[in-house]
$ cat coords_28.cif   # mmCIF, C-alpha atoms
data_upload
#
loop_
_atom_site.label_atom_id
_atom_site.label_comp_id
_atom_site.auth_asym_id
_atom_site.auth_seq_id
_atom_site.Cartn_x
_atom_site.Cartn_y
_atom_site.Cartn_z
CA MET A 3 0.96 91.44 40.83
CA THR A 4 0.38 94.62 42.77
CA TRP A 5 -2.75 96.01 44.40
CA ARG A 6 -4.36 98.86 42.47
CA LYS A 7 -6.75 101.50 43.71
CA ALA A 8 -10.02 101.31 41.80
CA THR A 9 -13.14 103.46 41.92
CA LEU A 10 -16.71 102.34 41.33
CA VAL A 11 -18.15 104.35 38.42
CA SER A 12 -21.48 102.57 37.88
CA ALA A 13 -23.50 99.67 39.23
CA SER A 14 -26.70 97.84 38.35
CA PHE A 15 -28.63 94.83 39.60
CA GLU A 16 -28.88 91.87 37.24
CA THR A 17 -31.21 90.03 39.65
CA PRO A 18 -32.38 90.91 43.19
CA THR A 19 -29.18 89.32 44.54
CA ALA A 20 -26.60 89.86 41.77
CA ARG A 21 -25.04 93.27 41.13
CA THR A 22 -22.66 94.31 38.35
CA LEU A 23 -19.89 96.73 39.36
CA VAL A 24 -17.99 98.80 36.79
CA PHE A 25 -14.62 100.18 37.88
CA ASP A 26 -12.21 102.84 36.82
CA VAL A 27 -8.76 101.32 37.30
CA PRO A 28 -5.80 103.52 36.35
CA ASP A 29 -3.22 101.61 34.28
CA TRP A 30 -5.42 98.52 33.99
CA PRO A 31 -3.29 96.15 31.85
CA GLY A 32 -6.23 94.41 30.18
CA HIS A 33 -7.30 90.80 30.60
CA LEU A 34 -8.38 87.65 28.83
CA PRO A 35 -11.99 86.46 29.12
CA GLY A 36 -12.15 83.88 31.88
CA GLN A 37 -9.68 85.57 34.22
CA HIS A 38 -10.57 86.97 37.64
CA VAL A 39 -9.51 89.67 40.08
CA ASP A 40 -8.90 89.71 43.81
CA VAL A 41 -10.88 92.34 45.70
CA ARG A 42 -9.65 93.58 49.09
CA LEU A 43 -11.68 95.59 51.57
CA THR A 44 -10.14 97.33 54.57
CA ALA A 45 -12.19 98.39 57.60
CA GLU A 46 -11.51 101.48 59.68
CA ASP A 47 -9.86 99.34 62.36
CA GLY A 48 -7.45 97.90 59.76
CA TYR A 49 -9.18 94.53 59.35
CA THR A 50 -9.03 93.28 55.78
CA ALA A 51 -11.12 90.80 53.83
CA GLN A 52 -10.27 89.49 50.36
CA ARG A 53 -12.28 87.56 47.76
CA SER A 54 -11.83 86.57 44.11
CA TYR A 55 -14.40 87.51 41.47
CA SER A 56 -14.56 86.59 37.81
CA ILE A 57 -14.31 89.40 35.30
CA ALA A 58 -17.52 89.88 33.34
CA SER A 59 -16.34 92.33 30.68
CA ALA A 60 -14.45 91.91 27.43
CA SER A 61 -12.60 95.18 28.00
CA GLY A 62 -12.49 97.65 30.86
CA LEU A 63 -13.24 96.05 34.20
CA GLU A 64 -16.61 94.78 35.38
CA ILE A 65 -17.47 92.10 37.89
CA THR A 66 -20.84 90.68 38.88
CA VAL A 67 -21.22 89.77 42.54
CA GLN A 68 -23.81 87.30 43.83
CA ARG A 69 -24.85 88.12 47.39
CA LEU A 70 -24.29 85.36 49.93
CA ASP A 71 -26.40 86.03 53.01
CA ASP A 72 -23.70 84.71 55.31
CA GLY A 73 -20.86 86.25 53.29
CA GLU A 74 -18.31 88.69 54.60
CA VAL A 75 -17.63 90.64 51.40
CA SER A 76 -20.50 90.08 48.95
CA PRO A 77 -23.24 91.78 51.06
CA PHE A 78 -21.10 94.92 51.22
CA LEU A 79 -20.45 94.92 47.47
CA THR A 80 -24.10 94.29 46.55
CA ASP A 81 -25.91 96.44 49.14
CA ILE A 82 -23.56 99.09 50.57
CA TYR A 83 -20.69 99.85 48.19
CA ASP A 84 -21.52 103.10 46.40
CA ILE A 85 -20.50 105.09 43.33
CA GLY A 86 -17.23 106.95 43.83
CA GLN A 87 -15.97 104.76 46.64
CA PRO A 88 -12.51 103.20 46.33
CA VAL A 89 -11.52 99.56 46.60
CA GLU A 90 -8.31 97.62 46.08
CA LEU A 91 -7.98 95.20 43.17
CA ARG A 92 -5.27 92.78 42.12
CA GLY A 93 -5.11 91.04 38.78
CA PRO A 94 -5.91 89.85 36.27
CA VAL A 95 -5.37 86.34 37.62
CA GLY A 96 -5.45 83.01 35.80
CA GLY A 97 -4.13 81.54 32.57
CA TRP A 98 -5.88 78.17 32.14
CA PHE A 99 -9.59 79.00 32.16
CA VAL A 100 -9.37 81.54 29.33
CA TRP A 101 -10.61 81.83 25.77
CA ARG A 102 -8.68 83.60 23.03
CA HIS A 103 -10.59 85.01 20.08
CA THR A 104 -7.94 83.68 17.69
CA ASP A 105 -8.86 80.07 18.58
CA PRO A 106 -11.07 78.76 15.75
CA ALA A 107 -12.43 75.70 17.61
CA PRO A 108 -16.16 75.66 18.42
CA VAL A 109 -16.84 76.70 22.00
CA GLN A 110 -19.16 75.02 24.49
CA LEU A 111 -20.02 77.06 27.58
CA ILE A 112 -21.88 75.44 30.47
CA ALA A 113 -22.81 77.62 33.46
CA GLY A 114 -24.44 76.97 36.79
CA GLY A 115 -25.90 80.04 38.53
CA SER A 116 -23.38 82.86 38.84
CA GLY A 117 -20.90 80.68 36.94
CA ILE A 118 -22.20 82.56 33.91
CA VAL A 119 -19.95 85.55 34.74
CA PRO A 120 -16.61 84.49 33.16
CA LEU A 121 -18.49 82.81 30.31
CA MET A 122 -20.27 86.09 29.60
CA ALA A 123 -16.85 87.72 29.24
CA MET A 124 -16.12 85.16 26.51
CA ILE A 125 -19.43 85.87 24.74
CA ARG A 126 -18.77 89.61 24.90
CA SER A 127 -15.19 89.19 23.68
CA ARG A 128 -16.43 87.17 20.70
CA ALA A 129 -18.72 90.04 19.72
CA GLU A 130 -16.16 92.75 20.45
CA HIS A 131 -13.59 91.13 18.15
CA GLY A 132 -16.17 90.46 15.44
CA VAL A 133 -15.34 86.77 15.12
CA ARG A 134 -17.88 84.12 14.15
CA THR A 135 -16.53 81.20 16.15
CA PRO A 136 -19.54 78.92 16.82
CA PHE A 137 -20.61 79.28 20.46
CA ARG A 138 -23.14 77.31 22.46
CA LEU A 139 -24.21 78.22 26.00
CA LEU A 140 -26.10 75.85 28.28
CA TYR A 141 -27.16 77.82 31.35
CA SER A 142 -28.50 76.01 34.42
CA VAL A 143 -30.34 78.29 36.84
CA ARG A 144 -33.14 77.84 39.36
CA THR A 145 -35.84 80.00 37.75
CA PRO A 146 -36.12 82.52 34.89
CA GLN A 147 -35.98 85.30 37.48
CA ASP A 148 -32.51 84.11 38.55
CA VAL A 149 -30.95 84.49 35.10
CA ILE A 150 -28.02 86.91 35.24
CA TYR A 151 -27.66 89.13 32.13
CA ALA A 152 -31.14 88.01 31.03
CA ASP A 153 -31.85 90.91 28.66
CA GLU A 154 -28.39 90.89 27.12
CA LEU A 155 -28.41 87.13 26.60
CA ARG A 156 -31.81 87.38 24.94
CA GLN A 157 -30.54 90.10 22.61
CA ARG A 158 -27.30 88.31 21.81
CA ALA A 159 -29.06 85.00 21.12
CA ARG A 160 -31.16 86.91 18.60
CA ASP A 161 -28.50 89.11 17.01
CA ASP A 162 -25.07 87.47 17.51
CA ARG A 163 -24.76 85.09 14.61
CA GLY A 164 -23.42 81.68 15.62
CA LEU A 165 -24.37 81.98 19.31
CA ASP A 166 -26.96 79.53 20.66
CA VAL A 167 -28.32 79.86 24.20
CA GLU A 168 -30.31 77.20 26.05
CA TYR A 169 -31.61 77.28 29.64
CA VAL A 170 -32.35 74.62 32.20
CA TYR A 171 -34.60 75.91 35.00
CA THR A 172 -33.89 73.37 37.70
CA ARG A 173 -36.42 74.51 40.29
CA VAL A 174 -39.18 74.81 37.70
CA ARG A 175 -38.75 71.29 36.38
CA GLY A 176 -37.53 69.74 39.65
CA SER A 177 -34.29 68.23 38.40
CA ARG A 178 -30.71 69.20 37.71
CA VAL A 179 -28.75 69.18 34.49
CA GLY A 180 -28.35 65.62 33.25
CA VAL A 181 -27.01 63.58 30.38
CA ALA A 182 -30.01 64.29 28.16
CA ASP A 183 -29.54 68.08 28.51
CA VAL A 184 -25.87 67.97 27.64
CA ASN A 185 -26.35 65.45 24.85
CA THR A 186 -29.10 67.61 23.30
CA HIS A 187 -27.64 71.10 23.69
CA ALA A 188 -23.84 70.69 23.67
CA TRP A 189 -21.56 70.23 20.68
CA PRO A 190 -20.93 66.55 19.92
CA ALA A 191 -17.54 65.15 20.84
CA ASP A 192 -16.43 64.72 17.24
CA PHE A 193 -16.60 68.52 16.79
CA LYS A 194 -13.69 68.72 19.27
CA PRO A 195 -15.00 71.89 20.97
CA SER A 196 -13.23 73.94 23.59
CA VAL A 197 -15.33 73.36 26.70
CA PHE A 198 -15.65 75.77 29.63
CA VAL A 199 -17.71 74.78 32.68
CA CYS A 200 -18.23 77.14 35.63
CA GLY A 201 -20.46 76.94 38.69
CA PRO A 202 -20.76 75.29 42.10
CA THR A 203 -18.33 72.42 42.70
CA GLY A 204 -20.92 69.64 42.52
CA PHE A 205 -22.41 71.03 39.32
CA VAL A 206 -19.03 71.36 37.63
CA GLU A 207 -17.93 67.84 38.56
CA THR A 208 -21.22 66.35 37.34
CA VAL A 209 -21.11 68.18 34.01
CA ALA A 210 -17.45 67.36 33.41
CA ASP A 211 -18.17 63.67 34.07
CA ILE A 212 -21.10 63.78 31.64
CA MET A 213 -18.97 65.38 28.93
CA VAL A 214 -16.30 62.68 29.30
CA ALA A 215 -18.96 59.95 29.26
CA LEU A 216 -20.27 61.42 25.99
CA GLY A 217 -16.84 61.04 24.45
CA HIS A 218 -15.23 64.44 25.00
CA ASP A 219 -11.52 64.53 25.69
CA ALA A 220 -11.01 65.42 29.35
CA ARG A 221 -7.99 67.52 28.36
CA GLY A 222 -10.27 69.83 26.41
CA ILE A 223 -12.61 70.50 29.35
CA ARG A 224 -11.66 73.53 31.42
CA THR A 225 -13.42 74.04 34.72
CA GLU A 226 -13.80 76.82 37.25
CA ARG A 227 -15.67 76.15 40.47
CA TYR A 228 -16.75 77.88 43.64
CA GLY A 229 -18.34 76.88 46.93
#
$ encode --input "coords_28.cif" --output "structure tokens"
Amino acid sequence: MTWRKATLVSASFETPTARTLVFDVPDWPGHLPGQHVDVRLTAEDGYTAQRSYSIASASGLEITVQRLDDGEVSPFLTDIYDIGQPVELRGPVGGWFVWRHTDPAPVQLIAGGSGIVPLMAMIRSRAEHGVRTPFRLLYSVRTPQDVIYADELRQRARDDRGLDVEYVYTRVRGSRVGVADVNTHAWPADFKPSVFVCGPTGFVETVADIMVALGHDARGIRTERYG
């Protein structure tokens, strides 16, 4: 993989701390939903910093960056990086945590916080290809104000046939995702769904353990974690 010069063509805030960036990337080869890109920034003194970000779009190239107050790259991308400015990108990266629209198996998506980003690419790809593969999304987030893609998810849950969306607001109710949530809102094990779980490491490990305990085949559970 080679580094490509990309230019920011539009940007918008999904929440006060999460910003979606849309790039123009000459000769972008395309990607599968679930893949990510490496982003490299270079300072005037030659210092470079590199981070990986999940791709949010079904086609073209969009990423959504969650600001980390002590981060080295994310505060620049969310608060300083402006339309027309260049950046270096490398990718797409990854071949395991991907969904292909030709796969007929039901899909279970489980997101924690900004772990929704690669799962949103899958939801958008489903719509873009016009398939009716049954999708369920269980989205764990602190409060309703922290939901990334809130308006689009609301619209898609209403209009995209075969897509169900459920939320767990952990700070509102005072507890994290547990067995009861997964048992109620996820596909049962005998449906043999393709399972994609993305979020903080502890969240992903807990959810994956719950899925296995509920009878899901561990080989069918694909995970992506951060932090």
$ residues_around --input "coords_28.cif" --residues "stretch 122-127 of chain A" --least-positions-apart "3" --cutoff "10 Å" --atoms "all atoms listed in the file" --output "number ranges by chain"
A: 34-37, 56-61, 64-65, 100-103, 109, 111, 113, 117-119, 130-133, 137-139, 150-151, 154-155, 158, 162, 165, 198
$ resolve_selection --input "coords_28.cif" --expression "the PyMOL selection byres ((chain A and resi 15-26) around 10)" --output "PyMOL selection string"
chain A and resi 7-14+27-30+58-59+62-71+76-77+79-81+83-89+91+116+119+147-153
$ atom_distance --input "coords_28.cif" --atom1 "atom CA of A:Arg92" --atom2 "atom CA of A:Gly114"
25.4 Å
$ closest_residue --input "coords_28.cif" --among "A:Asp161, A:Glu90, A:Asp72, A:Asp192" --to "A:Arg42" --atoms "only C-alpha atoms"
A:Glu90
$ closest_residue --input "coords_28.cif" --among "A:Gly176, A:Gly115, A:Pro146, A:Gly48" --to "A:Gly201" --atoms "only C-alpha atoms"
A:Gly115
$ resolve_selection --input "coords_28.cif" --expression "the PyMOL selection byres ((chain A and resi 3) around 9)" --output "PyMOL selection string"
chain A and resi 4-5+92-95
$ write_last_selection --input "coords_28.cif" --atoms "C-alpha atoms" --output "PDB file, in the frame of the given file"
ATOM      1  CA  THR A   4       0.380  94.620  42.770  1.00  0.00           C
ATOM      2  CA  TRP A   5      -2.750  96.010  44.400  1.00  0.00           C
ATOM      3  CA  ARG A  92      -5.270  92.780  42.120  1.00  0.00           C
ATOM      4  CA  GLY A  93      -5.110  91.040  38.780  1.00  0.00           C
ATOM      5  CA  PRO A  94      -5.910  89.850  36.270  1.00  0.00           C
ATOM      6  CA  VAL A  95      -5.370  86.340  37.620  1.00  0.00           C
TER       7      VAL A  95
END
$ resolve_selection --input "coords_28.cif" --expression "the PyMOL selection byres ((chain A and resi 178) around 12)" --output "ChimeraX atom specification"
/A:114-115,141-145,169-177,179-184,204-206,208-209
$ atom_distance --input "coords_28.cif" --atom1 "atom CA of A:Val199" --atom2 "atom CA of A:Arg53"
20.5 Å
$ atom_distance --input "coords_28.cif" --atom1 "atom CA of A:Val75" --atom2 "atom CA of A:Gly96"
21.2 Å
$ residues_around --input "coords_28.cif" --residues "A:Gly164" --least-positions-apart "5" --cutoff "7 Å" --atoms "only C-alpha atoms" --output "MDAnalysis selection string"
chainID A and resid 134:137
$ build_atoms --input "coords_28.cif" --residues "stretch 113-124 of chain A" --atoms "N, CA and C atoms" --output "short mmCIF file (atom, residue, chain, number, x, y, z; two decimals), in the coordinates of the input"
data_model
loop_
_atom_site.label_atom_id
_atom_site.label_comp_id
_atom_site.auth_asym_id
_atom_site.auth_seq_id
_atom_site.Cartn_x
_atom_site.Cartn_y
_atom_site.Cartn_z
N ALA A 113 -22.83 76.81 32.23
CA ALA A 113 -22.81 77.62 33.46
C ALA A 113 -23.85 77.13 34.44
N GLY A 114 -23.50 77.21 35.71
CA GLY A 114 -24.44 76.97 36.79
C GLY A 114 -24.54 78.22 37.64
N GLY A 115 -25.71 78.85 37.70
CA GLY A 115 -25.90 80.04 38.53
C GLY A 115 -24.99 81.18 38.13
N SER A 116 -24.27 81.73 39.12
CA SER A 116 -23.38 82.86 38.84
C SER A 116 -22.12 82.44 38.10
N GLY A 117 -22.00 81.14 37.80
CA GLY A 117 -20.90 80.68 36.94
C GLY A 117 -20.98 81.23 35.53
N ILE A 118 -22.07 81.93 35.22
CA ILE A 118 -22.20 82.56 33.91
C ILE A 118 -21.21 83.72 33.74
N VAL A 119 -20.71 84.29 34.84
CA VAL A 119 -19.95 85.55 34.74
C VAL A 119 -18.72 85.44 33.82
N PRO A 120 -17.77 84.53 34.06
CA PRO A 120 -16.61 84.49 33.16
C PRO A 120 -16.98 84.03 31.75
N LEU A 121 -18.05 83.25 31.63
CA LEU A 121 -18.49 82.81 30.31
C LEU A 121 -19.10 83.98 29.53
N MET A 122 -19.74 84.91 30.25
CA MET A 122 -20.27 86.09 29.60
C MET A 122 -19.13 86.95 29.06
N ALA A 123 -18.01 86.99 29.76
CA ALA A 123 -16.85 87.72 29.24
C ALA A 123 -16.41 87.13 27.90
N MET A 124 -16.49 85.82 27.76
CA MET A 124 -16.12 85.16 26.51
C MET A 124 -17.11 85.53 25.40
#
